[in-house]
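Visitor: Please read through the structure below; I'll follow up with questions.
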Protein chains: 2
Amino acid sequence: MHTIRLAVDVKSGDLGSQVLLEGVLEAKRRCGIDFIACLCGDGNSIENGLKQLKHGGVHSDSFIIEDSPENVEPGEAPSRVWKTKKRSSVIRSIALQKEGVVEATLSAGDTGILMGAAIFMLGRAGKASRPALAAFLPTVADRPSLVLDVGANLDCRTEHLATFGLMGHDYYRHYFNVDNPRVALLNIGHEPSKGSRTLADAGQRLAGECRGYCGFIEGSDVLSGKADVIVCDGFVGNVLLKACESFHTLTDSVLAGSRRLAKAVRKKMTILNPENYGAVPLLGIHGVVFKAHGSSSAEAFANALIAAVTAVHREIPQTRQDVDRKGWL
Amino acid sequence: MHTIRLAVDVKSGDLGSQVLLEGVLEAKRRCGIDFIACLCGDGNSIENGLKQLKHGGVHSDSFIIEDSPENVEPGEAPSRVWKTKKRSSVIRSIALQKEGVVEATLSAGDTGILMGAAIFMLGRAGKASRPALAAFLPTVADRPSLVLDVGANLDCRTEHLATFGLMGHDYYRHYFNVDNPRVALLNIGHEPSKGSRTLADAGQRLAGECRGYCGFIEGSDVLSGKADVIVCDGFVGNVLLKACESFHTLTDSVLAGSRRLAKAVRKKMTILNPENYGAVPLLGIHGVVFKAHGSSSAEAFANALIAAVTAVHREIPQTRQDVDRKGWL
């Protein structure tokens, strides 16, 4: 088996390179799958950072430093950065993937910039009119639900929602090895008459094109496990995901008296804790691109990296360049 | 002190008139404030229903039966029903309020129809370009947060969001008797550059017009108590509210081993349990109109009715016809 190579944008995130480097070293120690990390960012500071951490006891062969120190200024147009900031860490990461040097990219940077680079440099996969970020939510059932989009597309038209359904169906199918995951559109009611024209039209398209489609669900069913894949626009998905992430703060305050039970609740929420899930995949582009939380700690970033390595290793469908030719149904 | 009169649309909700009548009787027994309920619906079936329940031990002077048996068909235009279905229970309820016979209306029927009737028959209050439904969410802080809109307006322009902020500020101020509640706009990030043009513009307007405005908050801060009033469009608010309502299903499954703690968590969520909060007010119109859950049980409807009676009794600002002249700031 070949050694997986990933580009890691260590000049991203809110807490600085050193925290992300710690995460990379932790992932290297913990991940059962072998990988080499191409660390993109300021070359000198990465080298010094690794020395300071004494390489975390990891052999230096596990890293390639890719000097890409250019800054991307806030407010730069995502559609241009990939041309104007070729020596920035995020663009260099995606470029390495485009060149075939690495098989995946992980970044904790700006979602828009990352998505722009992925679209323009790697290209859209198959039927995806737009890529989407997909995240898991816990349910009372055995398996979590996949929610998409959770922040890449604030405003979605019918075809976007419909392709999210198809992409989610494909991803979930391979991720859990189930034949026909149930796909639902998130709405304010389950009756066909509810919600916007866009949702009604997306429902009609999915009914025709996605064999797992099972209609509308409401917010109250998001955690029920009634649907395996929950489709919504990126604004709604982002608010929903983050609100769910913070649920445990309420239970923590109530369960302060019982550590054991507070821990049990938190365990159920594990999948929601950014520290644990680490990163979400960008579906609908050619190649594996993971977006980590901007505020990733070392542990979160380590888990993010392990998630990306695992996705490449397991050949989850977003990794297959031929997903468009195989069709989605 | 005068006796409060309310119109109660008992021909609404998914579970039938009899369940709602039970709720009315329960409210009458439990509510500390005296009120008379004008029961709108099919006169005969109300009379028989009350007999069957033996009036729940409540004196028959507490009720006025207002025969209004006409059906509103699904799909009728909310902008026309108030003219074409004057003898339907929901339109008759609002008409009684318009005529000054009652001071408030409670209905578990269709939100669109109820809002249309309220707008066209009672009129918008002051600066409200559109009315909004407002609901409380629990927080880790001492007081809950008020979220609006939670389902009356699926698609909102700048001025709608801005007036929701002003209405919420006013309502919260009077509800909790605090001088200057913090008002925030729900967004996918707290940085001013995040989100849509509409949100950015609404933020600018609120910064100028609402002294409690404190910027954007993310989904992760919804339960943190960082804002007293959280403004969003009705689609996002509806999904968020319902997801939060269902959160206890997750904790219940985890805490099955400890009834005491499961109960403690549920208690924290009390405000979220439709059985408890019963109904949400429609802000931004002249008069008190409460919308109960379509699936209201007798207990939920009783609590809804008590909430409406309490709002009239406490003269929460939506009840004041002069709210527009007093200004919002």
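Ligands are numbered from 1 in the order shown, residues from 1 within each chain, and chains are lettered A, B, ... in the order they appear in the structure tokens.
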Kindly provide the residues of chain B that approach chain A to within 8 Å, each paired with its closest atom pair and their distance in Å to one decimal, based on only C-alpha atoms, listed by chain and increasing number, as JSON lines.
Guide:
{"residue": "B:Gly75", "atom": "CA", "partner": "A:Ser193", "partner_atom": "CA", "distance": 7.8}
{"residue": "B:Thr139", "atom": "CA", "partner": "A:Leu250", "partner_atom": "CA", "distance": 6.9}
{"residue": "B:Val140", "atom": "CA", "partner": "A:Leu250", "partner_atom": "CA", "distance": 5.8}
{"residue": "B:Gly151", "atom": "CA", "partner": "A:Ile188", "partner_atom": "CA", "distance": 7.3}
{"residue": "B:Leu154", "atom": "CA", "partner": "A:Gly195", "partner_atom": "CA", "distance": 7.4}
{"residue": "B:Leu186", "atom": "CA", "partner": "A:Val239", "partner_atom": "CA", "distance": 8.0}
{"residue": "B:Asn187", "atom": "CA", "partner": "A:Val239", "partner_atom": "CA", "distance": 7.4}
{"residue": "B:Ile188", "atom": "CA", "partner": "A:Asn238", "partner_atom": "CA", "distance": 6.2}
{"residue": "B:Ser193", "atom": "CA", "partner": "A:Gly75", "partner_atom": "CA", "distance": 7.7}
{"residue": "B:Gly195", "atom": "CA", "partner": "A:Leu154", "partner_atom": "CA", "distance": 7.4}
{"residue": "B:Ser196", "atom": "CA", "partner": "A:Leu154", "partner_atom": "CA", "distance": 7.5}
{"residue": "B:Glu218", "atom": "CA", "partner": "A:Val239", "partner_atom": "CA", "distance": 6.6}
{"residue": "B:Gly219", "atom": "CA", "partner": "A:Val239", "partner_atom": "CA", "distance": 4.3}
{"residue": "B:Ser220", "atom": "CA", "partner": "A:Lys242", "partner_atom": "CA", "distance": 4.4}
{"residue": "B:Asp221", "atom": "CA", "partner": "A:Ala243", "partner_atom": "CA", "distance": 7.2}
{"residue": "B:Val222", "atom": "CA", "partner": "A:Ala243", "partner_atom": "CA", "distance": 6.4}
{"residue": "B:Leu223", "atom": "CA", "partner": "A:Ser246", "partner_atom": "CA", "distance": 7.1}
{"residue": "B:Ser224", "atom": "CA", "partner": "A:Thr249", "partner_atom": "CA", "distance": 7.9}
{"residue": "B:Phe235", "atom": "CA", "partner": "A:Ile188", "partner_atom": "CA", "distance": 6.5}
{"residue": "B:Val236", "atom": "CA", "partner": "A:Val236", "partner_atom": "CA", "distance": 5.5}
{"residue": "B:Asn238", "atom": "CA", "partner": "A:Ile188", "partner_atom": "CA", "distance": 6.2}
{"residue": "B:Val239", "atom": "CA", "partner": "A:Gly219", "partner_atom": "CA", "distance": 4.3}
{"residue": "B:Leu240", "atom": "CA", "partner": "A:Leu240", "partner_atom": "CA", "distance": 6.1}
{"residue": "B:Leu241", "atom": "CA", "partner": "A:Gly219", "partner_atom": "CA", "distance": 7.4}
{"residue": "B:Lys242", "atom": "CA", "partner": "A:Ser220", "partner_atom": "CA", "distance": 4.4}
{"residue": "B:Ala243", "atom": "CA", "partner": "A:Gly219", "partner_atom": "CA", "distance": 4.5}
{"residue": "B:Cys244", "atom": "CA", "partner": "A:Ser220", "partner_atom": "CA", "distance": 7.6}
{"residue": "B:Glu245", "atom": "CA", "partner": "A:Ser220", "partner_atom": "CA", "distance": 6.6}
{"residue": "B:Ser246", "atom": "CA", "partner": "A:Ser220", "partner_atom": "CA", "distance": 5.2}
{"residue": "B:Phe247", "atom": "CA", "partner": "A:Leu223", "partner_atom": "CA", "distance": 7.2}
{"residue": "B:Thr249", "atom": "CA", "partner": "A:Val140", "partner_atom": "CA", "distance": 7.1}
{"residue": "B:Leu250", "atom": "CA", "partner": "A:Val140", "partner_atom": "CA", "distance": 5.7}
{"residue": "B:Thr251", "atom": "CA", "partner": "A:Val265", "partner_atom": "CA", "distance": 6.3}
{"residue": "B:Ser253", "atom": "CA", "partner": "A:Val140", "partner_atom": "CA", "distance": 6.8}
{"residue": "B:Val254", "atom": "CA", "partner": "A:Val265", "partner_atom": "CA", "distance": 6.0}
{"residue": "B:Leu255", "atom": "CA", "partner": "A:Leu261", "partner_atom": "CA", "distance": 7.0}
{"residue": "B:Leu261", "atom": "CA", "partner": "A:Leu255", "partner_atom": "CA", "distance": 7.0}
{"residue": "B:Ala264", "atom": "CA", "partner": "A:Val254", "partner_atom": "CA", "distance": 6.6}
{"residue": "B:Val265", "atom": "CA", "partner": "A:Val254", "partner_atom": "CA", "distance": 6.0}
{"residue": "B:Lys268", "atom": "CA", "partner": "A:Val254", "partner_atom": "CA", "distance": 7.1}
Visitor: Run DSSP on the backbone and grab whatever in range 9-214 of chain B lands in helix (DSSP H, G or I); send it over as a CSV table (one decimal) with N, CA, C and O atoms, in the first residue's frame.
Guide:
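In the end it all went to selection_1.csv:
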chain,number,residue,atom,x,y,z
B,17,SER,N,-61.4,19.6,18.0
B,17,SER,CA,-61.9,20.6,19.0
B,17,SER,C,-61.9,20.1,20.4
B,17,SER,O,-61.7,20.8,21.3
B,18,GLN,N,-62.3,18.8,20.6
B,18,GLN,CA,-62.5,18.3,21.9
B,18,GLN,C,-61.2,18.5,22.8
B,18,GLN,O,-61.3,18.9,23.9
B,19,VAL,N,-60.1,18.2,22.2
B,19,VAL,CA,-58.8,18.3,22.9
B,19,VAL,C,-58.6,19.8,23.3
B,19,VAL,O,-58.1,20.1,24.4
B,20,LEU,N,-58.9,20.7,22.3
B,20,LEU,CA,-58.7,22.1,22.6
B,20,LEU,C,-59.6,22.6,23.7
B,20,LEU,O,-59.3,23.4,24.6
B,21,LEU,N,-60.9,22.1,23.7
B,21,LEU,CA,-61.8,22.5,24.7
B,21,LEU,C,-61.4,22.0,26.1
B,21,LEU,O,-61.5,22.7,27.1
B,22,GLU,N,-60.8,20.8,26.1
B,22,GLU,CA,-60.2,20.3,27.4
B,22,GLU,C,-59.2,21.3,27.9
B,22,GLU,O,-59.1,21.6,29.1
B,23,GLY,N,-58.3,21.8,26.9
B,23,GLY,CA,-57.3,22.7,27.3
B,23,GLY,C,-57.9,24.0,27.8
B,23,GLY,O,-57.4,24.6,28.8
B,24,VAL,N,-59.0,24.5,27.2
B,24,VAL,CA,-59.6,25.7,27.7
B,24,VAL,C,-60.1,25.6,29.1
B,24,VAL,O,-59.9,26.4,30.0
B,25,LEU,N,-60.7,24.4,29.4
B,25,LEU,CA,-61.2,24.2,30.8
B,25,LEU,C,-60.1,24.1,31.8
B,25,LEU,O,-60.2,24.6,32.9
B,26,GLU,N,-59.0,23.4,31.4
B,26,GLU,CA,-57.8,23.3,32.2
B,26,GLU,C,-57.3,24.7,32.5
B,26,GLU,O,-56.9,25.0,33.7
B,27,ALA,N,-57.2,25.5,31.5
B,27,ALA,CA,-56.6,26.9,31.7
B,27,ALA,C,-57.5,27.6,32.7
B,27,ALA,O,-57.0,28.3,33.5
B,28,LYS,N,-58.8,27.5,32.5
B,28,LYS,CA,-59.7,28.2,33.4
B,28,LYS,C,-59.5,27.8,34.8
B,28,LYS,O,-59.6,28.6,35.7
B,29,ARG,N,-59.3,26.5,35.1
B,29,ARG,CA,-59.1,26.1,36.4
B,29,ARG,C,-57.7,26.5,37.0
B,29,ARG,O,-57.6,26.9,38.1
B,30,ARG,N,-56.7,26.5,36.1
B,30,ARG,CA,-55.3,26.8,36.6
B,30,ARG,C,-54.9,28.3,36.6
B,30,ARG,O,-54.0,28.7,37.3
B,43,GLY,N,-70.7,25.6,16.5
B,43,GLY,CA,-71.5,25.9,17.7
B,43,GLY,C,-72.0,24.6,18.4
B,43,GLY,O,-71.8,24.4,19.6
B,44,ASN,N,-72.7,23.8,17.6
B,44,ASN,CA,-73.2,22.6,18.2
B,44,ASN,C,-72.2,21.7,18.8
B,44,ASN,O,-72.3,21.1,19.9
B,45,SER,N,-71.1,21.5,18.0
B,45,SER,CA,-70.1,20.5,18.5
B,45,SER,C,-69.4,21.1,19.8
B,45,SER,O,-69.0,20.4,20.7
B,46,ILE,N,-69.3,22.4,19.8
B,46,ILE,CA,-68.7,23.0,21.1
B,46,ILE,C,-69.6,22.8,22.3
B,46,ILE,O,-69.2,22.3,23.3
B,47,GLU,N,-70.9,23.0,22.0
B,47,GLU,CA,-71.9,22.8,23.1
B,47,GLU,C,-71.9,21.4,23.6
B,47,GLU,O,-71.8,21.1,24.8
B,48,ASN,N,-71.9,20.5,22.6
B,48,ASN,CA,-71.9,19.0,23.0
B,48,ASN,C,-70.6,18.7,23.7
B,48,ASN,O,-70.6,17.9,24.7
B,49,GLY,N,-69.5,19.2,23.1
B,49,GLY,CA,-68.2,18.9,23.7
B,49,GLY,C,-68.1,19.3,25.2
B,49,GLY,O,-67.6,18.6,26.0
B,50,LEU,N,-68.6,20.6,25.4
B,50,LEU,CA,-68.5,21.1,26.8
B,50,LEU,C,-69.4,20.2,27.7
B,50,LEU,O,-69.0,19.9,28.8
B,51,LYS,N,-70.6,19.8,27.2
B,51,LYS,CA,-71.4,19.0,28.0
B,51,LYS,C,-70.7,17.7,28.4
B,51,LYS,O,-70.8,17.2,29.5
B,52,GLN,N,-70.1,17.1,27.3
B,52,GLN,CA,-69.4,15.8,27.5
B,52,GLN,C,-68.4,15.9,28.6
B,52,GLN,O,-68.1,15.0,29.3
B,54,LYS,N,-68.6,17.9,31.0
B,54,LYS,CA,-69.3,18.4,32.1
B,54,LYS,C,-68.7,19.8,32.5
B,54,LYS,O,-68.5,20.1,33.7
B,55,HIS,N,-68.4,20.5,31.5
B,55,HIS,CA,-67.8,21.9,31.7
B,55,HIS,C,-66.5,21.9,32.6
B,55,HIS,O,-66.1,22.9,33.1
B,56,GLY,N,-66.0,20.7,32.8
B,56,GLY,CA,-64.8,20.6,33.6
B,56,GLY,C,-65.0,21.2,35.0
B,56,GLY,O,-64.0,21.7,35.6
B,57,GLY,N,-66.2,21.3,35.4
B,57,GLY,CA,-66.5,21.9,36.7
B,57,GLY,C,-66.4,23.4,36.7
B,57,GLY,O,-66.5,24.1,37.7
B,60,SER,N,-70.5,28.0,33.4
B,60,SER,CA,-70.8,28.3,32.0
B,60,SER,C,-70.7,29.8,31.7
B,60,SER,O,-70.6,30.1,30.5
B,61,ASP,N,-70.7,30.6,32.7
B,61,ASP,CA,-70.5,32.1,32.4
B,61,ASP,C,-69.1,32.4,31.9
B,61,ASP,O,-68.9,33.5,31.3
B,62,SER,N,-68.2,31.5,32.0
B,62,SER,CA,-66.9,31.7,31.6
B,62,SER,C,-66.7,31.6,30.1
B,62,SER,O,-65.6,31.8,29.6
B,78,PRO,N,-54.0,33.5,2.0
B,78,PRO,CA,-54.1,34.2,3.3
B,78,PRO,C,-54.6,35.6,3.1
B,78,PRO,O,-55.2,36.2,4.0
B,79,SER,N,-54.3,36.2,1.9
B,79,SER,CA,-54.7,37.6,1.7
B,79,SER,C,-56.2,37.7,1.4
B,79,SER,O,-56.7,38.8,1.3
B,80,ARG,N,-56.9,36.6,1.1
B,80,ARG,CA,-58.3,36.7,0.7
B,80,ARG,C,-59.2,36.1,1.8
B,80,ARG,O,-60.4,36.5,1.9
B,81,VAL,N,-58.7,35.1,2.6
B,81,VAL,CA,-59.6,34.4,3.5
B,81,VAL,C,-60.4,35.3,4.4
B,81,VAL,O,-61.6,35.0,4.6
B,82,TRP,N,-59.8,36.4,4.8
B,82,TRP,CA,-60.5,37.3,5.8
B,82,TRP,C,-61.7,37.9,5.1
B,82,TRP,O,-62.7,38.4,5.8
B,83,LYS,N,-61.8,37.9,3.8
B,83,LYS,CA,-62.9,38.5,3.1
B,83,LYS,C,-64.0,37.4,2.7
B,83,LYS,O,-65.2,37.6,2.8
B,84,THR,N,-63.4,36.2,2.4
B,84,THR,CA,-64.3,35.2,1.8
B,84,THR,C,-64.8,34.2,2.9
B,84,THR,O,-65.8,33.6,2.7
B,89,SER,N,-63.7,30.0,11.9
B,89,SER,CA,-63.4,30.2,13.4
B,89,SER,C,-62.2,31.2,13.5
B,89,SER,O,-62.2,32.0,14.4
B,90,VAL,N,-61.2,31.1,12.6
B,90,VAL,CA,-60.1,32.0,12.8
B,90,VAL,C,-60.4,33.4,12.4
B,90,VAL,O,-60.1,34.3,13.1
B,91,ILE,N,-61.2,33.6,11.3
B,91,ILE,CA,-61.5,34.9,10.9
B,91,ILE,C,-62.5,35.6,11.9
B,91,ILE,O,-62.4,36.7,12.3
B,92,ARG,N,-63.4,34.7,12.4
B,92,ARG,CA,-64.4,35.3,13.4
B,92,ARG,C,-63.7,35.7,14.7
B,92,ARG,O,-64.0,36.7,15.3
B,93,SER,N,-62.6,34.9,15.1
B,93,SER,CA,-61.8,35.3,16.2
B,93,SER,C,-61.2,36.7,16.1
B,93,SER,O,-61.3,37.5,17.0
B,94,ILE,N,-60.6,36.8,15.0
B,94,ILE,CA,-59.9,38.1,14.7
B,94,ILE,C,-60.9,39.3,14.6
B,94,ILE,O,-60.7,40.4,15.1
B,95,ALA,N,-62.1,38.9,14.0
B,95,ALA,CA,-63.1,39.9,13.9
B,95,ALA,C,-63.6,40.4,15.2
B,95,ALA,O,-63.9,41.6,15.4
B,96,LEU,N,-63.8,39.4,16.1
B,96,LEU,CA,-64.2,39.8,17.5
B,96,LEU,C,-63.2,40.8,18.1
B,96,LEU,O,-63.6,41.7,18.9
B,97,GLN,N,-62.0,40.5,17.8
B,97,GLN,CA,-60.9,41.4,18.4
B,97,GLN,C,-61.0,42.7,17.8
B,97,GLN,O,-60.9,43.8,18.4
B,98,LYS,N,-61.2,42.8,16.5
B,98,LYS,CA,-61.3,44.0,15.7
B,98,LYS,C,-62.5,44.8,16.3
B,98,LYS,O,-62.4,46.1,16.4
B,111,THR,N,-50.5,29.2,10.2
B,111,THR,CA,-49.8,30.5,10.5
B,111,THR,C,-50.1,31.5,9.5
B,111,THR,O,-50.4,32.7,9.8
B,112,GLY,N,-50.0,31.2,8.2
B,112,GLY,CA,-50.2,32.1,7.1
B,112,GLY,C,-51.6,32.8,7.2
B,112,GLY,O,-51.8,34.0,7.1
B,113,ILE,N,-52.6,31.9,7.4
B,113,ILE,CA,-54.0,32.4,7.5
B,113,ILE,C,-54.2,33.4,8.7
B,113,ILE,O,-54.7,34.5,8.6
B,114,LEU,N,-53.6,32.9,9.8
B,114,LEU,CA,-53.8,33.7,11.0
B,114,LEU,C,-53.1,35.1,10.8
B,114,LEU,O,-53.6,36.1,11.2
B,115,MET,N,-51.9,35.0,10.3
B,115,MET,CA,-51.1,36.3,10.1
B,115,MET,C,-51.8,37.2,9.1
B,115,MET,O,-51.9,38.4,9.3
B,116,GLY,N,-52.3,36.6,8.0
B,116,GLY,CA,-53.0,37.4,7.0
B,116,GLY,C,-54.2,38.1,7.6
B,116,GLY,O,-54.4,39.3,7.4
B,117,ALA,N,-55.0,37.4,8.4
B,117,ALA,CA,-56.1,38.0,9.0
B,117,ALA,C,-55.7,39.1,10.0
B,117,ALA,O,-56.3,40.2,10.0
B,118,ALA,N,-54.6,38.8,10.7
B,118,ALA,CA,-54.2,39.8,11.7
B,118,ALA,C,-53.7,41.1,11.0
B,118,ALA,O,-54.0,42.2,11.5
B,119,ILE,N,-53.0,40.9,9.9
B,119,ILE,CA,-52.5,42.1,9.2
B,119,ILE,C,-53.6,42.9,8.6
B,119,ILE,O,-53.7,44.1,8.8
B,120,PHE,N,-54.5,42.2,7.9
B,120,PHE,CA,-55.5,42.9,7.1
B,120,PHE,C,-56.6,43.4,8.0
B,120,PHE,O,-57.3,44.4,7.7
B,121,MET,N,-56.9,42.7,9.1
B,121,MET,CA,-58.1,43.1,9.9
B,121,MET,C,-57.6,44.0,11.1
B,121,MET,O,-58.3,44.9,11.5
B,122,LEU,N,-56.5,43.7,11.7
B,122,LEU,CA,-56.1,44.5,12.9
B,122,LEU,C,-55.1,45.5,12.5
B,122,LEU,O,-55.0,46.6,13.2
B,158,THR,N,-34.0,43.5,4.3
B,158,THR,CA,-33.3,44.3,5.3
B,158,THR,C,-34.3,44.9,6.3
B,158,THR,O,-34.1,44.8,7.5
B,159,GLU,N,-35.3,45.6,5.8
B,159,GLU,CA,-36.2,46.3,6.7
B,159,GLU,C,-37.0,45.4,7.6
B,159,GLU,O,-37.3,45.7,8.7
B,160,HIS,N,-37.3,44.2,7.1
B,160,HIS,CA,-38.0,43.2,7.9
B,160,HIS,C,-37.1,42.8,9.1
B,160,HIS,O,-37.5,42.9,10.3
B,161,LEU,N,-35.9,42.4,8.8
B,161,LEU,CA,-35.0,42.0,9.9
B,161,LEU,C,-34.7,43.2,10.9
B,161,LEU,O,-34.7,43.0,12.1
B,162,ALA,N,-34.6,44.4,10.4
B,162,ALA,CA,-34.4,45.5,11.2
B,162,ALA,C,-35.6,45.7,12.2
B,162,ALA,O,-35.4,45.9,13.4
B,163,THR,N,-36.8,45.6,11.6
B,163,THR,CA,-37.9,45.9,12.5
B,163,THR,C,-38.1,44.7,13.5
B,163,THR,O,-38.6,44.9,14.6
B,164,PHE,N,-37.7,43.5,13.1
B,164,PHE,CA,-37.8,42.4,14.0
B,164,PHE,C,-36.9,42.7,15.3
B,164,PHE,O,-37.3,42.4,16.4
B,165,GLY,N,-35.7,43.3,15.0
B,165,GLY,CA,-34.8,43.7,16.1
B,165,GLY,C,-35.5,44.7,17.0
B,165,GLY,O,-35.4,44.6,18.2
B,166,LEU,N,-36.1,45.7,16.4
B,166,LEU,CA,-36.8,46.7,17.2
B,166,LEU,C,-38.0,46.2,18.0
B,166,LEU,O,-38.1,46.5,19.2
B,167,MET,N,-38.8,45.3,17.3
B,167,MET,CA,-39.9,44.7,18.0
B,167,MET,C,-39.5,43.8,19.1
B,167,MET,O,-40.1,43.8,20.2
B,168,GLY,N,-38.4,43.0,18.9
B,168,GLY,CA,-37.9,42.1,19.9
B,168,GLY,C,-37.4,42.9,21.1
B,168,GLY,O,-37.6,42.5,22.2
B,169,HIS,N,-36.7,44.0,20.8
B,169,HIS,CA,-36.1,44.8,21.9
B,169,HIS,C,-37.2,45.3,22.8
B,169,HIS,O,-37.1,45.2,24.0
B,170,ASP,N,-38.3,45.8,22.2
B,170,ASP,CA,-39.4,46.4,22.9
B,170,ASP,C,-40.1,45.3,23.7
B,170,ASP,O,-40.4,45.5,24.9
B,171,TYR,N,-40.3,44.2,23.1
B,171,TYR,CA,-41.1,43.1,23.8
B,171,TYR,C,-40.3,42.5,25.0
B,171,TYR,O,-40.8,42.4,26.1
B,172,TYR,N,-39.0,42.3,24.7
B,172,TYR,CA,-38.1,41.7,25.8
B,172,TYR,C,-38.0,42.7,26.9
B,172,TYR,O,-38.0,42.3,28.1
B,173,ARG,N,-37.9,44.0,26.6
B,173,ARG,CA,-37.7,45.0,27.6
B,173,ARG,C,-38.9,45.0,28.6
B,173,ARG,O,-38.7,45.0,29.8
B,174,HIS,N,-40.1,44.9,28.0
B,174,HIS,CA,-41.3,44.9,28.9
B,174,HIS,C,-41.5,43.5,29.5
B,174,HIS,O,-42.0,43.5,30.7
B,175,TYR,N,-41.1,42.5,28.8
B,175,TYR,CA,-41.4,41.1,29.4
B,175,TYR,C,-40.6,40.9,30.6
B,175,TYR,O,-41.1,40.4,31.6
B,176,PHE,N,-39.3,41.3,30.6
B,176,PHE,CA,-38.4,41.0,31.7
B,176,PHE,C,-38.1,42.3,32.5
B,176,PHE,O,-37.3,42.2,33.4
B,197,ARG,N,-25.5,40.4,2.0
B,197,ARG,CA,-25.7,41.9,1.9
B,197,ARG,C,-26.9,42.3,2.8
B,197,ARG,O,-26.9,43.3,3.5
B,198,THR,N,-28.0,41.5,2.7
B,198,THR,CA,-29.2,41.8,3.5
B,198,THR,C,-28.9,41.9,5.0
B,198,THR,O,-29.3,42.8,5.7
B,199,LEU,N,-28.1,40.9,5.5
B,199,LEU,CA,-27.7,41.0,6.9
B,199,LEU,C,-26.8,42.1,7.2
B,199,LEU,O,-26.9,42.8,8.3
B,200,ALA,N,-25.8,42.4,6.3
B,200,ALA,CA,-24.9,43.5,6.6
B,200,ALA,C,-25.7,44.8,6.7
B,200,ALA,O,-25.5,45.7,7.6
B,201,ASP,N,-26.7,45.0,5.7
B,201,ASP,CA,-27.5,46.2,5.7
B,201,ASP,C,-28.4,46.3,7.0
B,201,ASP,O,-28.6,47.4,7.6
B,202,ALA,N,-29.0,45.1,7.4
B,202,ALA,CA,-29.8,45.1,8.6
B,202,ALA,C,-29.0,45.5,9.8
B,202,ALA,O,-29.5,46.2,10.7
B,203,GLY,N,-27.8,45.0,9.8
B,203,GLY,CA,-26.8,45.3,10.9
B,203,GLY,C,-26.6,46.8,11.0
B,203,GLY,O,-26.6,47.4,12.1
B,204,GLN,N,-26.4,47.4,9.8
B,204,GLN,CA,-26.1,48.9,9.8
B,204,GLN,C,-27.4,49.7,10.3
B,204,GLN,O,-27.2,50.6,11.0
B,205,ARG,N,-28.5,49.2,9.8
B,205,ARG,CA,-29.7,49.9,10.3
B,205,ARG,C,-30.0,49.8,11.8
B,205,ARG,O,-30.3,50.7,12.4
B,206,LEU,N,-29.8,48.6,12.3
B,206,LEU,CA,-30.0,48.4,13.7
B,206,LEU,C,-28.9,49.1,14.5
B,206,LEU,O,-29.3,49.7,15.6
B,207,ALA,N,-27.7,49.2,14.0
B,207,ALA,CA,-26.7,50.0,14.7
B,207,ALA,C,-27.1,51.4,14.9
B,207,ALA,O,-26.8,52.1,15.9
B,208,GLY,N,-27.8,51.9,13.9
B,208,GLY,CA,-28.3,53.3,14.0
B,208,GLY,C,-29.6,53.5,14.8
B,208,GLY,O,-29.8,54.5,15.4
B,209,GLU,N,-30.4,52.5,14.7
B,209,GLU,CA,-31.8,52.7,15.2
B,209,GLU,C,-32.1,52.0,16.5
B,209,GLU,O,-33.1,52.3,17.2
Visitor: Do you have the CA of Ala311 in chain B-CA of Val289 in chain B distance handy?
Guide: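 Calculated distance between CA of Ala311 in chain B and CA of Val289 in chain B is 9.8 Å.
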Visitor: Just the number, please: distance in Å from CA of Gly225 in chain B to CA of Asp179 in chain B, one decimal.
Guide: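 Computing the Euclidean distance for CA of Gly225 in chain B and CA of Asp179 in chain B yields 16.4 Å.
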Visitor: Could you go through range 4-233 of chain B and tell me which residues DSSP, when run on the backbone, assigns to strand (DSSP E), listing them as a PyMOL selection string?
Guide: chain B and resi 4-9+35-41+63-67+104-107+132-137+145-148+183-186+213-217+229-231
Visitor: For each of B:Lys194, B:Lys11, B:Arg130, B:Arg211, take the minimum atom-to-atom distance to Glu66 in chain B, counting only C-alpha atoms, then give the residue where this is smallest.
Guide: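 The shortest atom-to-atom distance to Glu66 in chain B comes from B:Lys11.
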Visitor: Could you tell me how far CA of Ala152 in chain B sits from CA of Arg314 in chain B, in Å to one decimal place?
Guide: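 Interatomic distance here is 24.4 Å.
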